[in-house]
Amino acid sequence: MDIGFISLIIFLPLAGIPIILLLPDRSGYIMRRLVTGIFGIEILLSLIAFYAFNPVGDINTPNLIYDWMNLSFYDELPWISMDLGVLGELNISYSLGIDGLSIWLIILTSFIMLIATLASHTIKIKLKGFYVLILLLGTTIFGCFAAMDLFLFFLFFEFMLLPMYFLIGLWGGPRKEYAAIKFFLYTLAGSMMILVVMIGLYVSAIDPIATGEKAGLIDIQQPLADQVEVVQSELAQGNIEEQYWVRTFKWAYLTDTGNYIPNSIFSSNNFKIWGESARNLAFLALFIGFLIKLPGVPFHTWLPDAHVEAPTPISVILAALLLKVGGYGILRMAYSIFPEGATQYGYVIGVLGVISIIYAALVALASKDLKKMIAYSSVSHMGFFLLGIASLTNEGFMGANFQLFSHGLISAMLFLIAGVVYSRTHDRTINHYGGLAKKMPKYTFFVVIAFFASLGLPGFSGFIAEIFVFLGGFSSSTENGILPRSLVIIAAIGLILTAGYYLWTLQRMFFGKFYYREQEKERALVDLEPVDYLMFTPLAIAILFFGLFPQIFIDGVAPTVEGLINHIMSSSISK
Amino acid sequence: MKQNDFIINILIICGWLIPLLCGISGIFLKNRKNSGLLVSGALAISTLIHSVIFFFLYKGNEIIAGIPWLNIGKLNISLDIWANDASISMALLVSFIATLVSFFSRKYMEDEPRIHHYFSFLGFFTFAMLGIVWSENLFLMFVFWELVGLASYLLIGFWYTKPSAAKAGLKAFVMNRIGDFGFMAGMGILFAIFHDLSITNLASDYLNTSPENENIFWIILAGLGIFMGAMGKSAQFPLQVWLPDAMEGPTPASALIHAATMVAAGVYMLSRTVFLYIGWVSDFIVIIGTITALIAAFSAIKQNDIKKVLAFSTISQLGYMIVAAGTGSAGAAMFHLFTHAFFKAGLFLGAGAIIYYMHQREHSESDLPKYFDAQDMRFMGGLRKINPILFVGYTIMTASLCAIPFSSGFLSKESVIKHALIYAQGGDFRFLVPAILLITSGLTAFYMGRQWYLVFMGKSRLKNNTSFKLQSLSTSDNKQLIFPIAILALLSLWIPFSINPFHANEISLFSSLTSYPQNIEYSAPTWLPATAVILTIIGLSAAIYGLTRRRISYASPTFTSKTPFLKLSREQLYFNDFYNLSIVPGTIKLGRFLEKVDMKVIDGILHAITIGTVIIGQITKVIEKYFIDGMVRMVAYISGVTGKITRQMQGGRIQLYILYAVISIVFLMLMFYR
């Protein structure tokens with residue numbers, strides 16, 4: 001298993017693009033088959049990766065020098081290298097790797113992309129462009145989850161915007177332009193913050209191995225760990241001249257303050273901007289940058305608009321995958337690179353999480369549009385993620401990661417559900433329906449499963465995620481004192497509200513006497529079609545499976561989570 | 001011994017899973033009717049297995065075994081079974097009642113097109129309840145706790161096309177969720193402090209906790225949280241409102257919810273975790289239980305729906321159990337739970353049989369009153385004639401609920417009130433607890449006497465009852481309805497629990513019903529049962545005397561008593577109105593408000609920023625046009641003008657150039673020679 005294999009996972013969707021471009025526009029059926037096939041292969045590939053994946057990381061990885069990372073399949077290739085003379089060297093690498101944070105998200109990506117492709121049968125216009133963009137989107141999401149170089153990650157992260165913007169803006173609902181531009185600008189604002197931090201990191205951090213090699217301090221044939229320490233201490237004493245510095249964006253090196261040039265902006269907490277340490281500001285900038293994508297209150301208002309306007313498959317991808325990139329980014333970038341920020345702002349993050357949970361749940365309760373309600377429920381559920389990572393406990397982190405995965409499955413199902421009624425009547429107003437259970441019993445069956453899974457009923461994956469977050473949140477008070485218990489108790493009110501809005505929707509839309517506002521359209525309300533089963537059944541099975549056997553998920557993630565927490569804790573203590 | 005344990009574990013798991021598996025497979029049967037047979041059979045087998053376990057393991061044996069499930073950080077959750085006398089008896093009770101209910105249901109629900117769903121829910125319900133019974137750790141208990149909530153939601157809302165049923169299901173689940181919120185918070189606090197959720201480990205942790213512990217506030221609060229879970233499931237004040245509405249479900253399902261599953265779960269959990277309730281929480285539990293017992297009994301006296309009366313009686317009796325648990329006597333609570341399970345299941349099945357009969361009448365008679373309701377007791381009367389076994393059985397079980405001597409209810413209620421008396425010795429206003437419980441037992445006798453009289457005594461209050469065969473329930477066809485009632489009536493006598501009809505041997509009973517040993521030294525003064533019986537007789541005679549003197553009218557369904565006091569009872573103390581008019585709309589309004597905040601404030605700020613950017617852009621445009629461009633143009637203009645001027649200098653005439661040269665030389669010479 002090497003870098004080529006992961007590259008294959010990332011770039012396989014691109015291979016479909018030329019074929020689609022050669023096909024005539026009316027052969028949508030073939031296109032859908034082709035894209036389905038590609039993502040089917042992706043599932044296979046990601047499962048092979050999972051099979052070969054070692055939760056505690058590959059011990060024999062040549063360049064890996066940090067134990068806590070537990071990275072598998074890590075490899076790096078030189079990509080952009082520029083000698084700047086006395087200013088040292090700019091080095092951007094093509095490094096890829098998979099660890100516990102990303103393995104399940106990669107599997108989720110291939111799975112959801114397949115489901116979304118199946119759901120694309122409702123798209124009737126501009127098929128060529130649609131499928132090209134879907135494939136492009138797939139590549140960027142895979143890239144985000146596998147990139148181990150900040151520059152590379154940012155490239156994928158930014159590139160994700162392009163297909164998404166057009167997918168909402170061209171195939172969306174009545175206010176598609178507004179939603180698309182809102183989504184674009186919001187995310188771009190976040191990206192700018194990330195970019196600023198990236199520039200700061202560029203002037204601060206060096207690649208210790210390449211620098212040492214250039215300065216003649218490292219013999220690449222010998223074991224690296226000790227030699228790197230030598231380089232780091234020489235750097236700290238200012239014995240390495242600037243012309244030898246090899247600046248880097250490699251994620252692994254950015255996480256170690258030993259690789260930071262003395263007196264550079266991010267080298268230590270001494271560098272202040274407006275009286276606040278630059279590292280803390282950088283943590284906040286990264287955090288907010290990704291929080292917008294997550295999204296958390298108060299940066300969430302793009303989400304309901306984007307969801308309401310986006311066509312069903314795009315909603316599915318948006319909720320199930322793009323939000324996860326935000327959560328993943330917070331852990332991968334903000335938490336790993338500026339770990340002391342995690343302890344410093346843990347309380348704030350926890351409060352944000354609780355606000356997200358309660359606030360979004362209340363708005364969901366008031367929403368009249370089914371899809372809007374589901375969109376707000378996504379915000380509420382991502383609040384659990386925030387609470388989980390704020391707790392800085394094993395349980396909380398595990399819950400947060402489980403929430404990313406489980407919400408990916410559940411929200412996909414929820415948006416498909418919203419898509420079913422919309423495709424039949426072009427109306428999603430909850431109050432316009434009544435007693436659908438009588439008319440569409442099979443549909444109702446899946447609705448009940450998805451709703452109960454989302455409100456955290458045991459047996460479904462959502463429960464495991466939420467209960468882990470809560471247990472982690474509570475034990476945070478005794479383990480590290482970041483979150484007070486009362487805060488977590490307030491968060492638990494979300495449980496009641498969530499049950500409230502889902503069951504109320506069930507009662508209004510599905511129970512009681514059958515009713516639809518426009519009688520002439522009643523005939524359009526037919527029960528699920530075979531293609532719908534293809535989407536709903538695997539999702540329902542997966543939700544149930546991970547609810548009953550969560551240890552499979554946990555085993556893959558636990559070492560990484562533990563490593564990350566140790567990393568955060570040890571660097572906060574040393575400060 | 002190890003081998004035996006293994007076999008018993010297998011048996012427990014079989015008895016546990018068979019109802020679920022048969023319930024699920026029942027959905028796929030071709031002939032939906034057969035699902036009833038399948039599930040009833042499964043439940044019967046489950047009961048049989050539990051009796052085998054009871055036979056082998058009963059009296060002091062204990063097994064804790066399981067397989068790991070979740071493992072992360074300090075959290076190690078395993079699927080652990082904790083079999084001891086208490087859980088074995090409880091499992092037997094649950095499966096036994098479920099079996100009788102399912103047998104009854106096969107007849108009662110025979111015309112229901114979704115009968116296969118009904119039976120699968122029933123199997124699932126039993127499975128979930130057994131899960132609570134066997135669970136060794138709070139996490140696992142919480143899992144099944146929620147699943148019981150789901151099962152009740154499905155059963156209460158079974159006739160989902162009825163808006164009231166859908167609403168009742170929603171209410172039950174949300175009210176239970178409020179309790180579960182507490183359960184989860186309590187569990188979280190316990191996990192944070194002890195890093196363990198196993199009940200047996202927690203019990204020993206609690207023993208070692210000194211009152212000076214720095215976390216003592218939180219430890220006590222954890223107890224409150226877990227108790228909140230019981231408040232939801234066991235319908236305690238102020239979360240009791242879901243239970244009367246739960247009557248929207250099929251009647252046999254109500255019997256199951258009210259007797260052995262669901263509401264019993266709360267009390268069972270309290271008895272299992274009785275060590276958690278220390279400090280002021282135990283007083284809180286007693287107060288809640290007392291209030292519940294009283295207000296539910298009060299609400300019952302003016303109800304006309306036969307099932308609603310029983311529902312309120314359930315809440316009231318649960319209040320008794322909760323009081324007993326709060327006083328630390330889990331034994332008395334469990335004892336009352338057991339006796340109550342039998343007579344309440346029987347009463348509900350009896351009510352089901354009566355409703356079945358009334359429905360038959362509804363279909364066969366044409367000249368019914370305008371507001372006829374098969375469940376309204378005002379349309380009944382004289383029903384003792386329809387089936388003698390039903391009448392006798394219902395009477396025995398009513399007597400048991402009223403705690404008349406020679407019934408099981410007498411024994412257990414006496415035990416509960418006795419422990420309340422012990423509690424009252426603690427001083428302050430604690431004497432109010434036994435006093436209120438005694439008054440409540442008088443009220444119980446009143447409303448049950450009223451029900452019994454309205455249903456069975458007198459003459460049928462429907463006009464042309466001659467055309468209908470009164471004996472309809474005694475045909476062989478209906479044995480399925482009567483047989484379970486008869487069994488439950490027999491079990492409502494004193495015999496199963498004690499040989500002495502006036503006093504139960506609490507020591508042996510309690511040790512087999514609870515998980516923790518309990519010291520019982522105090523014996524009740526003789527005035528206690530005497531007072532209880534006298535109050536009961538007063539209640540009964542007041543009810544019957546009042547009814548014989550008055551003509552019972554059935555005006556409109558909206559008819560309510562004019563006396564404000566009785567209106568209060570009829571309207572269930574306005575709890576529903578309070579929730580429906582304040583909290584529920586308040587929450588929704590808050591949601592609408594926040595939605596507006598999203599659209600107006602957050603998006604408003606964004607739009608302002610966007611517009612601001614556009615305005616700045618326009619300003620820049622203007623600046624560019626007039627200032628930057630202007631400068632450029634000015635430069636151009638100036639150069640143009642200069643060009644024009646200098647162009648004229650280049651006339652092309654040599655004389656002019658000589659003139660310029662001369663002037664320049666003169667000028668330079670003047671500069672340098674000064």
# chains A, B, ... in the order shown; residues from 1 in each chain; ligands from 1

$ select_by_dssp --residues "region 282-328 of chain A" --states "helix (DSSP H, G or I)" --output "number ranges by chain"
A: 282-293, 302-309, 312-328

$ closest_atom_pairs --of "chain B" --to "chain A" --cutoff "9 Å" --atoms "only C-alpha atoms" --output "JSON lines"
{"residue": "B:Trp69", "atom": "CA", "partner": "A:Gln551", "partner_atom": "CA", "distance": 6.8}
{"residue": "B:Leu70", "atom": "CA", "partner": "A:Gln551", "partner_atom": "CA", "distance": 5.6}
{"residue": "B:Asn71", "atom": "CA", "partner": "A:Gln551", "partner_atom": "CA", "distance": 7.0}
{"residue": "B:Ile72", "atom": "CA", "partner": "A:Glu395", "partner_atom": "CA", "distance": 6.3}
{"residue": "B:Gly73", "atom": "CA", "partner": "A:Asn394", "partner_atom": "CA", "distance": 5.3}
{"residue": "B:Lys74", "atom": "CA", "partner": "A:Glu395", "partner_atom": "CA", "distance": 7.8}
{"residue": "B:Leu75", "atom": "CA", "partner": "A:Glu395", "partner_atom": "CA", "distance": 7.2}
{"residue": "B:Phe142", "atom": "CA", "partner": "A:Pro458", "partner_atom": "CA", "distance": 8.4}
{"residue": "B:Val143", "atom": "CA", "partner": "A:Pro458", "partner_atom": "CA", "distance": 5.3}
{"residue": "B:Phe144", "atom": "CA", "partner": "A:Pro458", "partner_atom": "CA", "distance": 7.6}
{"residue": "B:Glu146", "atom": "CA", "partner": "A:Leu457", "partner_atom": "CA", "distance": 6.6}
{"residue": "B:Leu147", "atom": "CA", "partner": "A:Pro458", "partner_atom": "CA", "distance": 6.8}
{"residue": "B:Leu150", "atom": "CA", "partner": "A:Leu457", "partner_atom": "CA", "distance": 8.1}
{"residue": "B:Gly157", "atom": "CA", "partner": "A:Phe511", "partner_atom": "CA", "distance": 8.8}
{"residue": "B:Trp159", "atom": "CA", "partner": "A:Gly512", "partner_atom": "CA", "distance": 8.7}
{"residue": "B:Tyr160", "atom": "CA", "partner": "A:Phe511", "partner_atom": "CA", "distance": 5.2}
{"residue": "B:Thr161", "atom": "CA", "partner": "A:Gly512", "partner_atom": "CA", "distance": 3.9}
{"residue": "B:Lys162", "atom": "CA", "partner": "A:Gly512", "partner_atom": "CA", "distance": 5.1}
{"residue": "B:Pro163", "atom": "CA", "partner": "A:Gly512", "partner_atom": "CA", "distance": 4.5}
{"residue": "B:Ser164", "atom": "CA", "partner": "A:Gly512", "partner_atom": "CA", "distance": 8.2}
{"residue": "B:Ala165", "atom": "CA", "partner": "A:Gly512", "partner_atom": "CA", "distance": 8.4}
{"residue": "B:Ala166", "atom": "CA", "partner": "A:Gln507", "partner_atom": "CA", "distance": 5.7}
{"residue": "B:Lys167", "atom": "CA", "partner": "A:Gln507", "partner_atom": "CA", "distance": 6.7}
{"residue": "B:Gly169", "atom": "CA", "partner": "A:Gln507", "partner_atom": "CA", "distance": 8.8}
{"residue": "B:Leu170", "atom": "CA", "partner": "A:Leu503", "partner_atom": "CA", "distance": 6.0}
{"residue": "B:Lys171", "atom": "CA", "partner": "A:Gly500", "partner_atom": "CA", "distance": 9.0}
{"residue": "B:Phe173", "atom": "CA", "partner": "A:Ala499", "partner_atom": "CA", "distance": 7.8}
{"residue": "B:Val174", "atom": "CA", "partner": "A:Gly500", "partner_atom": "CA", "distance": 6.2}
{"residue": "B:Met175", "atom": "CA", "partner": "A:Ile496", "partner_atom": "CA", "distance": 8.5}
{"residue": "B:Asn176", "atom": "CA", "partner": "A:Ile496", "partner_atom": "CA", "distance": 9.0}
{"residue": "B:Arg177", "atom": "CA", "partner": "A:Ile496", "partner_atom": "CA", "distance": 5.5}
{"residue": "B:Ile178", "atom": "CA", "partner": "A:Ile496", "partner_atom": "CA", "distance": 5.9}
{"residue": "B:Asp180", "atom": "CA", "partner": "A:Ile496", "partner_atom": "CA", "distance": 8.5}
{"residue": "B:Phe181", "atom": "CA", "partner": "A:Ala492", "partner_atom": "CA", "distance": 6.1}
{"residue": "B:Gly182", "atom": "CA", "partner": "A:Ala492", "partner_atom": "CA", "distance": 8.4}
{"residue": "B:Met184", "atom": "CA", "partner": "A:Ala492", "partner_atom": "CA", "distance": 7.8}
{"residue": "B:Ala185", "atom": "CA", "partner": "A:Ile489", "partner_atom": "CA", "distance": 5.9}
{"residue": "B:Met187", "atom": "CA", "partner": "A:Leu471", "partner_atom": "CA", "distance": 7.9}
{"residue": "B:Gly188", "atom": "CA", "partner": "A:Leu471", "partner_atom": "CA", "distance": 5.0}
{"residue": "B:Ile189", "atom": "CA", "partner": "A:Phe474", "partner_atom": "CA", "distance": 6.0}
{"residue": "B:Leu190", "atom": "CA", "partner": "A:Phe474", "partner_atom": "CA", "distance": 8.8}
{"residue": "B:Phe191", "atom": "CA", "partner": "A:Ser475", "partner_atom": "CA", "distance": 6.6}
{"residue": "B:Ala192", "atom": "CA", "partner": "A:Ser475", "partner_atom": "CA", "distance": 3.9}
{"residue": "B:Ile193", "atom": "CA", "partner": "A:Thr478", "partner_atom": "CA", "distance": 6.8}
{"residue": "B:His195", "atom": "CA", "partner": "A:Ser475", "partner_atom": "CA", "distance": 8.0}
{"residue": "B:Thr587", "atom": "CA", "partner": "A:Leu362", "partner_atom": "CA", "distance": 7.3}
{"residue": "B:Ile588", "atom": "CA", "partner": "A:Ala366", "partner_atom": "CA", "distance": 5.7}
{"residue": "B:Lys589", "atom": "CA", "partner": "A:Ala366", "partner_atom": "CA", "distance": 7.5}
{"residue": "B:Leu590", "atom": "CA", "partner": "A:Leu362", "partner_atom": "CA", "distance": 7.0}
{"residue": "B:Gly591", "atom": "CA", "partner": "A:Leu362", "partner_atom": "CA", "distance": 4.3}
{"residue": "B:Arg592", "atom": "CA", "partner": "A:Ala366", "partner_atom": "CA", "distance": 5.1}
{"residue": "B:Phe593", "atom": "CA", "partner": "A:Val363", "partner_atom": "CA", "distance": 8.1}
{"residue": "B:Leu594", "atom": "CA", "partner": "A:Val363", "partner_atom": "CA", "distance": 6.0}
{"residue": "B:Glu595", "atom": "CA", "partner": "A:Val363", "partner_atom": "CA", "distance": 5.3}
{"residue": "B:Lys596", "atom": "CA", "partner": "A:Val363", "partner_atom": "CA", "distance": 9.0}
{"residue": "B:Asp598", "atom": "CA", "partner": "A:Thr301", "partner_atom": "CA", "distance": 6.6}
{"residue": "B:Met599", "atom": "CA", "partner": "A:Thr301", "partner_atom": "CA", "distance": 7.9}
{"residue": "B:Ile602", "atom": "CA", "partner": "A:Pro298", "partner_atom": "CA", "distance": 7.3}
{"residue": "B:Asp603", "atom": "CA", "partner": "A:Thr301", "partner_atom": "CA", "distance": 6.8}

$ residues_around --residues "Phe343 (chain B)" --least-positions-apart "3" --cutoff "12 Å" --atoms "only C-alpha atoms" --output "VMD selection string"
chain B and resid 97 255 to 256 258 to 260 310 313 to 314 317 336 to 340 346 to 351 393 to 403 407 to 410 484 to 494

$ residues_around --residues "region 234-238 of chain A" --least-positions-apart "6" --cutoff "10 Å" --atoms "only C-alpha atoms" --output "list in words"
Ile206, Pro208, Thr211, Gly212, Leu217, Val228, Trp245, Gly258, Asn259, Tyr260, Ile261, Pro262, Asn263 and Ser267 of chain A

$ residues_around --residues "Gly350 (chain A)" --least-positions-apart "6" --cutoff "9 Å" --atoms "only C-alpha atoms" --output "PDB file with all heavy atoms, in the first residue's frame"
ATOM      1  N   GLY A 383     -23.306  20.604  16.629  1.00  0.00           N
ATOM      2  CA  GLY A 383     -23.028  21.122  17.972  1.00  0.00           C
ATOM      3  C   GLY A 383     -22.495  20.032  18.887  1.00  0.00           C
ATOM      4  O   GLY A 383     -21.606  20.279  19.711  1.00  0.00           O
ATOM      5  N   LEU A 386     -18.879  19.735  18.331  1.00  0.00           N
ATOM      6  CA  LEU A 386     -18.110  20.781  19.017  1.00  0.00           C
ATOM      7  C   LEU A 386     -17.974  20.473  20.505  1.00  0.00           C
ATOM      8  O   LEU A 386     -16.906  20.601  21.096  1.00  0.00           O
ATOM      9  CB  LEU A 386     -18.785  22.139  18.824  1.00  0.00           C
ATOM     10  CG  LEU A 386     -18.673  22.735  17.429  1.00  0.00           C
ATOM     11  CD1 LEU A 386     -19.462  24.026  17.353  1.00  0.00           C
ATOM     12  CD2 LEU A 386     -17.218  22.996  17.086  1.00  0.00           C
ATOM     13  N   LEU A 387     -19.087  20.054  21.109  1.00  0.00           N
ATOM     14  CA  LEU A 387     -19.038  19.735  22.534  1.00  0.00           C
ATOM     15  C   LEU A 387     -18.063  18.594  22.790  1.00  0.00           C
ATOM     16  O   LEU A 387     -17.299  18.613  23.754  1.00  0.00           O
ATOM     17  CB  LEU A 387     -20.443  19.359  23.012  1.00  0.00           C
ATOM     18  CG  LEU A 387     -20.615  19.153  24.505  1.00  0.00           C
ATOM     19  CD1 LEU A 387     -20.366  20.447  25.246  1.00  0.00           C
ATOM     20  CD2 LEU A 387     -22.005  18.642  24.824  1.00  0.00           C
ATOM     21  N   GLY A 388     -18.098  17.618  21.902  1.00  0.00           N
ATOM     22  CA  GLY A 388     -17.218  16.463  22.063  1.00  0.00           C
ATOM     23  C   GLY A 388     -15.753  16.846  21.989  1.00  0.00           C
ATOM     24  O   GLY A 388     -14.954  16.444  22.838  1.00  0.00           O
ATOM     25  N   ILE A 389     -15.391  17.662  20.991  1.00  0.00           N
ATOM     26  CA  ILE A 389     -13.971  17.999  20.884  1.00  0.00           C
ATOM     27  C   ILE A 389     -13.564  18.982  21.970  1.00  0.00           C
ATOM     28  O   ILE A 389     -12.420  19.012  22.381  1.00  0.00           O
ATOM     29  CB  ILE A 389     -13.598  18.548  19.487  1.00  0.00           C
ATOM     30  CG1 ILE A 389     -14.397  19.786  19.157  1.00  0.00           C
ATOM     31  CG2 ILE A 389     -13.748  17.492  18.421  1.00  0.00           C
ATOM     32  CD1 ILE A 389     -13.866  20.535  17.960  1.00  0.00           C
ATOM     33  N   ALA A 390     -14.520  19.780  22.463  1.00  0.00           N
ATOM     34  CA  ALA A 390     -14.175  20.719  23.529  1.00  0.00           C
ATOM     35  C   ALA A 390     -13.799  19.981  24.803  1.00  0.00           C
ATOM     36  O   ALA A 390     -12.986  20.464  25.588  1.00  0.00           O
ATOM     37  CB  ALA A 390     -15.342  21.664  23.797  1.00  0.00           C
ATOM     38  N   SER A 391     -14.385  18.790  24.996  1.00  0.00           N
ATOM     39  CA  SER A 391     -14.182  18.092  26.268  1.00  0.00           C
ATOM     40  C   SER A 391     -12.745  17.594  26.426  1.00  0.00           C
ATOM     41  O   SER A 391     -12.282  17.392  27.541  1.00  0.00           O
ATOM     42  CB  SER A 391     -15.141  16.912  26.364  1.00  0.00           C
ATOM     43  OG  SER A 391     -14.700  15.865  25.539  1.00  0.00           O
ATOM     44  N   GLY A 473     -18.172  14.809  27.855  1.00  0.00           N
ATOM     45  CA  GLY A 473     -18.387  16.152  28.374  1.00  0.00           C
ATOM     46  C   GLY A 473     -18.447  16.163  29.890  1.00  0.00           C
ATOM     47  O   GLY A 473     -17.840  17.017  30.546  1.00  0.00           O
ATOM     48  N   ILE A 482     -12.177  21.414  31.891  1.00  0.00           N
ATOM     49  CA  ILE A 482     -12.468  22.388  30.838  1.00  0.00           C
ATOM     50  C   ILE A 482     -13.952  22.730  30.788  1.00  0.00           C
ATOM     51  O   ILE A 482     -14.324  23.890  30.756  1.00  0.00           O
ATOM     52  CB  ILE A 482     -11.980  21.859  29.477  1.00  0.00           C
ATOM     53  CG1 ILE A 482     -10.451  21.931  29.449  1.00  0.00           C
ATOM     54  CG2 ILE A 482     -12.552  22.670  28.338  1.00  0.00           C
ATOM     55  CD1 ILE A 482      -9.818  21.329  28.255  1.00  0.00           C
ATOM     56  N   LEU A 483     -14.767  21.703  30.788  1.00  0.00           N
ATOM     57  CA  LEU A 483     -16.202  21.956  30.689  1.00  0.00           C
ATOM     58  C   LEU A 483     -16.858  21.759  32.051  1.00  0.00           C
ATOM     59  O   LEU A 483     -16.720  20.696  32.647  1.00  0.00           O
ATOM     60  CB  LEU A 483     -16.844  20.998  29.685  1.00  0.00           C
ATOM     61  CG  LEU A 483     -16.356  21.082  28.251  1.00  0.00           C
ATOM     62  CD1 LEU A 483     -17.063  20.034  27.412  1.00  0.00           C
ATOM     63  CD2 LEU A 483     -16.604  22.450  27.685  1.00  0.00           C
ATOM     64  N   LEU A 487     -22.835  22.968  32.106  1.00  0.00           N
ATOM     65  CA  LEU A 487     -22.900  23.235  30.667  1.00  0.00           C
ATOM     66  C   LEU A 487     -23.384  21.999  29.913  1.00  0.00           C
ATOM     67  O   LEU A 487     -24.223  22.089  29.008  1.00  0.00           O
ATOM     68  CB  LEU A 487     -21.523  23.661  30.164  1.00  0.00           C
ATOM     69  CG  LEU A 487     -21.454  24.102  28.707  1.00  0.00           C
ATOM     70  CD1 LEU A 487     -22.136  25.442  28.537  1.00  0.00           C
ATOM     71  CD2 LEU A 487     -20.020  24.191  28.240  1.00  0.00           C
ATOM     72  N   VAL A 488     -22.854  20.860  30.308  1.00  0.00           N
ATOM     73  CA  VAL A 488     -23.237  19.629  29.616  1.00  0.00           C
ATOM     74  C   VAL A 488     -24.689  19.284  29.918  1.00  0.00           C
ATOM     75  O   VAL A 488     -25.399  18.751  29.063  1.00  0.00           O
ATOM     76  CB  VAL A 488     -22.293  18.481  30.009  1.00  0.00           C
ATOM     77  CG1 VAL A 488     -22.523  17.289  29.112  1.00  0.00           C
ATOM     78  CG2 VAL A 488     -20.849  18.933  29.917  1.00  0.00           C
TER      79      VAL A 488
END

$ atom_distance --atom1 "CA of Met69 (chain A)" --atom2 "CA of Asp99 (chain A)"
7.6 Å

$ atom_distance --atom1 "CA of Lys128 (chain A)" --atom2 "CA of Leu23 (chain A)"
8.0 Å

$ residues_around --residues "Ile3 (chain A)" --least-positions-apart "5" --cutoff "7 Å" --atoms "only C-alpha atoms" --output "PyMOL selection string"
chain A and resi 73+75+96

$ residues_around --residues "region 433-449 of chain B" --least-positions-apart "3" --cutoff "8 Å" --atoms "only C-alpha atoms" --output "JSON, numbers by chain"
{"B": [286, 287, 290, 293, 294, 297, 298, 300, 301, 302, 309, 313, 320, 398, 401, 402, 403, 417, 418, 420, 421, 424, 430, 452, 453, 531, 532, 535, 536, 537, 538, 539, 540, 541, 542, 543, 544]}

$ atom_distance --atom1 "CA of Phe5 (chain A)" --atom2 "CA of Ser46 (chain A)"
9.8 Å
